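Right, one structure below, let's go through it.
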Amino acid sequence: MTVRIGVIGTGAIGSDHARRINQVLAGGKVVALSDVKSASAEAVRAGVAPDAKLYATGEQLIAADDVDAVLVASWGATHEPYVLAAIAAGKPCFCEKPLATTAEGAKRIVDAETARGRRLVQVGFMRRYDAGYVELKEAVRSRTGAPIMVHAAHRNPTVPEAYVTAMAIHDTLIHEIDVLRWLLDDDYVSARVFFPRQAARANAKLRDPQVVVLETKKGVLIDVEIFVNCHYGYDIQCEVVGEDGTARLPEPMAVQLRLGAKLQNDILTDWKDRFVSAYDVELQDFLKAAARGTAAGPSSWDGYVAAITSDACVKAQEAQGVAVPIEMVRKPALYD
Ligand SMILES: NC(=O)c1ccc[n+]([C@@H]2O[C@H](COP(=O)([O-])OP(=O)(O)OC[C@H]3O[C@@H](n4cnc5c(N)ncnc54)[C@H](O)[C@@H]3O)[C@@H](O)[C@H]2O)c1
């Protein structure tokens, strides 16, 4: 079966997902496009989806009879109403992160999906599909013994001028928030944030770098360094320390050079290159589940937990090293 997909939001990632569905993956076809900037949707149609129909609004696209499933890749603040409309229409929906910009909004989606009694939403937490993280999770399950600590880092060479301190949580740490609780099969209970001295390249509206310390239900302590003006590259690090040994996220594949009296490996500089294969795998998983009228992978519940945890981390940024509790409602059985 070919799942007929409607894409809402055809900017950087929406257009790339449309390309992926039509040119790389099996089992899906982009039949509808919508963007508040109609020229953007037209460009995607011209480039990768010649048979797609353009819709003036996302709501019209969701309601279209020939759209089986919806992909939401518009700006974060617009995700919630589109996801709710897709659930109301009973259509599987892939939503880029964030699921919603508030924990209340994410909870409304969890409630709507739970009321329908069927998984319909996959959130775009693609790191769970990265081969390195998948191997790391297996090593933690079968080799290292029970985890005790995690040391992680999320470094960007630079960020736009408009990037402010809270965005280090909502836009950057959000991926660690999701992937680390998946990796450990655990949940968070508190967050603390510490700031070393300001990096010279950081703008005045941004405290950079920062260290977020998350404590889990099983007592694992996680430290994540977020350094978005590190200058040297886009670098994602993760090491799990267990009872019997440690396991480290593999480095991305890079040719080793012996050059100029140095042994060298290039480091990536663009985040788009780091998880490029994971995007393919996550969307293939979506198409597979959507063909059965459902969704798999990171759920609305995971989107809700990420939102609650992000809010606590932002509060912790203000709390000067004091622990902020992370409390959530009971997990509905749909997500077990
Ligand atoms: N998973 C990831 O690693 C990852 C990577 C990049 C972006 N994202 C997420 O994807 C989303 C889009 O990011 P982007 O980088 O592609 O941004 P972008 O600005 O390049 O594209 C967003 C597009 O959505 C359109 N749009 C905005 N509001 C709309 C609305 N109400 N209805 C229809 N279209 C609307 C804009 O005109 C724009 O073309 C964001 O939520 C972002 O956080 C996730």
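Ordered as shown in the structure tokens, chains take letters A, B, and onward, while each chain numbers its residues from 1 and ligands are numbered from 1 in the order shown.
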
Return as a short mmCIF file (atom, residue, chain, number, x, y, z; two decimals) with C-alpha atoms, in the first residue's frame the full set of residues in segment 95-283 of chain A whose backbone-based DSSP assignment is helix (DSSP H, G or I).
data_model
loop_
_atom_site.label_atom_id
_atom_site.label_comp_id
_atom_site.auth_asym_id
_atom_site.auth_seq_id
_atom_site.Cartn_x
_atom_site.Cartn_y
_atom_site.Cartn_z
CA ALA A 103 3.29 21.07 28.58
CA GLU A 104 -0.47 21.85 28.71
CA GLY A 105 -0.61 21.77 24.90
CA ALA A 106 1.23 18.43 24.77
CA LYS A 107 -1.14 17.07 27.42
CA ARG A 108 -4.14 18.09 25.29
CA ILE A 109 -2.70 15.97 22.47
CA VAL A 110 -2.12 13.01 24.83
CA ASP A 111 -5.73 13.34 26.04
CA ALA A 112 -7.14 13.52 22.49
CA GLU A 113 -5.14 10.49 21.34
CA THR A 114 -6.00 8.53 24.48
CA ALA A 115 -9.71 9.33 23.97
CA ARG A 116 -9.48 7.83 20.47
CA MET A 126 15.13 11.00 15.34
CA ARG A 127 18.08 10.19 17.58
CA ARG A 128 16.28 7.01 18.70
CA TYR A 129 16.77 5.83 15.10
CA ALA A 131 22.59 3.55 14.50
CA GLY A 132 25.09 4.80 17.11
CA TYR A 133 22.45 5.38 19.79
CA VAL A 134 20.78 2.05 18.96
CA GLU A 135 24.12 0.26 19.51
CA LEU A 136 24.79 2.27 22.66
CA LYS A 137 21.41 1.26 24.08
CA GLU A 138 22.13 -2.39 23.33
CA ALA A 139 25.57 -2.11 24.99
CA VAL A 140 23.98 -0.56 28.09
CA ARG A 141 21.34 -3.33 28.16
CA SER A 142 23.71 -6.24 27.70
CA MET A 167 16.46 28.04 23.65
CA ALA A 168 19.42 25.99 24.85
CA ILE A 169 16.72 23.85 26.51
CA HIS A 170 13.77 24.05 24.08
CA ASP A 171 15.77 23.78 20.84
CA THR A 172 18.99 22.04 21.81
CA LEU A 173 18.74 19.94 25.01
CA ILE A 174 15.29 18.67 23.92
CA HIS A 175 17.01 15.91 21.89
CA GLU A 176 19.08 14.72 24.89
CA ILE A 177 15.96 14.95 27.09
CA ASP A 178 14.21 12.46 24.83
CA VAL A 179 17.05 10.15 23.85
CA LEU A 180 18.57 9.73 27.32
CA ARG A 181 15.37 8.54 29.01
CA TRP A 182 14.87 6.15 26.07
CA LEU A 183 18.51 5.01 26.36
CA LEU A 184 18.23 4.34 30.09
CA TRP A 271 23.91 19.54 12.49
CA LYS A 272 22.00 18.51 9.34
CA ASP A 273 24.74 16.02 8.47
CA ARG A 274 24.98 14.36 11.89
CA VAL A 276 20.92 12.32 8.24
CA SER A 277 20.42 8.54 8.11
CA ALA A 278 18.31 8.58 11.28
CA TYR A 279 15.77 10.86 9.54
CA ASP A 280 15.39 8.23 6.81
CA VAL A 281 14.83 5.42 9.31
CA GLU A 282 12.36 7.36 11.48
CA LEU A 283 10.19 8.32 8.50
#

Please tabulate, as a Markdown table, the residues of chain A that come within 8 Å of ligand 1, each with its closest pair of atoms and the distance in Å to one decimal, counting only C-alpha atoms and all ligand atoms and ordering rows by chain, then residue number upward.
| residue | atom | partner | partner_atom_place_in_ligand_line | distance |
| --- | --- | --- | --- | --- |
| A:Ile8 | CA | ligand 1 | 33 (C) | 5.2 |
| A:Gly9 | CA | ligand 1 | 24 (O) | 3.6 |
| A:Thr10 | CA | ligand 1 | 39 (O) | 4.8 |
| A:Gly11 | CA | ligand 1 | 21 (O) | 3.2 |
| A:Ala12 | CA | ligand 1 | 16 (O) | 3.7 |
| A:Ile13 | CA | ligand 1 | 16 (O) | 3.8 |
| A:Gly14 | CA | ligand 1 | 16 (O) | 5.5 |
| A:Ser15 | CA | ligand 1 | 16 (O) | 7.6 |
| A:Ser34 | CA | ligand 1 | 33 (C) | 5.7 |
| A:Asp35 | CA | ligand 1 | 34 (N) | 3.6 |
| A:Val36 | CA | ligand 1 | 34 (N) | 4.5 |
| A:Lys37 | CA | ligand 1 | 37 (O) | 4.7 |
| A:Ser38 | CA | ligand 1 | 37 (O) | 7.9 |
| A:Ser40 | CA | ligand 1 | 39 (O) | 5.9 |
| A:Ala41 | CA | ligand 1 | 39 (O) | 7.7 |
| A:Thr57 | CA | ligand 1 | 32 (N) | 6.6 |
| A:Gly58 | CA | ligand 1 | 32 (N) | 5.8 |
| A:Val72 | CA | ligand 1 | 11 (C) | 7.8 |
| A:Ala73 | CA | ligand 1 | 11 (C) | 4.5 |
| A:Ser74 | CA | ligand 1 | 24 (O) | 3.4 |
| A:Trp75 | CA | ligand 1 | 41 (O) | 4.6 |
| A:Gly76 | CA | ligand 1 | 41 (O) | 3.9 |
| A:Ala77 | CA | ligand 1 | 41 (O) | 7.6 |
| A:Thr78 | CA | ligand 1 | 31 (N) | 5.1 |
| A:His79 | CA | ligand 1 | 41 (O) | 7.4 |
| A:Glu96 | CA | ligand 1 | 10 (O) | 4.9 |
| A:Lys97 | CA | ligand 1 | 43 (O) | 5.2 |
| A:Pro98 | CA | ligand 1 | 41 (O) | 5.7 |
| A:Gly124 | CA | ligand 1 | 1 (N) | 5.1 |
| A:Phe125 | CA | ligand 1 | 1 (N) | 5.7 |
| A:Met126 | CA | ligand 1 | 1 (N) | 6.0 |
| A:Asp171 | CA | ligand 1 | 43 (O) | 6.6 |
| A:His175 | CA | ligand 1 | 3 (O) | 7.9 |
| A:Lys272 | CA | ligand 1 | 5 (C) | 7.4 |
| A:Phe275 | CA | ligand 1 | 3 (O) | 7.8 |
| A:Tyr279 | CA | ligand 1 | 1 (N) | 7.9 |

Between A:Gln198, A:Asp270, A:Thr101, A:Asp235, which one has atoms that come closest to Ala307 of chain A, using only C-alpha atoms?
->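 Ranking A:Gln198, A:Asp270, A:Thr101, A:Asp235 by distance to Ala307 of chain A, first place goes to A:Thr101.
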
Shell of 6 Å around Gly303 of chain A, only C-alpha atoms, local chain residues under 3 positions omitted, as a ChimeraX atom specification | /A:99,300,306

The selected residues should be written to file as an mmCIF file, in the first residue's frame (atoms: all heavy atoms).
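Done, and the output landed in result27.cif:
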data_model
loop_
_atom_site.group_PDB
_atom_site.id
_atom_site.type_symbol
_atom_site.label_atom_id
_atom_site.label_comp_id
_atom_site.auth_asym_id
_atom_site.auth_seq_id
_atom_site.Cartn_x
_atom_site.Cartn_y
_atom_site.Cartn_z
ATOM 1 N N LEU A 99 6.366 18.710 20.060
ATOM 2 C CA LEU A 99 4.961 18.321 19.863
ATOM 3 C C LEU A 99 4.067 19.533 20.107
ATOM 4 O O LEU A 99 3.116 19.776 19.380
ATOM 5 C CB LEU A 99 4.624 17.191 20.851
ATOM 6 C CG LEU A 99 3.206 16.675 20.826
ATOM 7 C CD1 LEU A 99 2.848 16.078 19.473
ATOM 8 C CD2 LEU A 99 2.995 15.639 21.932
ATOM 9 N N SER A 300 3.217 10.737 21.609
ATOM 10 C CA SER A 300 2.741 11.978 22.234
ATOM 11 C C SER A 300 3.166 12.025 23.689
ATOM 12 O O SER A 300 3.470 13.090 24.222
ATOM 13 C CB SER A 300 1.215 12.039 22.212
ATOM 14 O OG SER A 300 0.759 12.065 20.924
ATOM 15 N N ALA A 306 8.898 15.401 27.339
ATOM 16 C CA ALA A 306 9.942 16.342 26.913
ATOM 17 C C ALA A 306 9.539 17.777 27.258
ATOM 18 O O ALA A 306 10.371 18.581 27.697
ATOM 19 C CB ALA A 306 10.190 16.202 25.413
#

Hey, which of A:Pro196, A:Pro209, A:Gly293, A:Gly245 ends up closest to Thr158 of chain A? Count only C-alpha atoms.
->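 Smallest separation from Thr158 of chain A among the options: A:Pro209.
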
In Å, rounded to a single decimal, give me how far atom CA of Ala49 of chain A is from atom CA of Ala69 of chain A.
->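 Here the two named atoms are 15.8 Å from each other.
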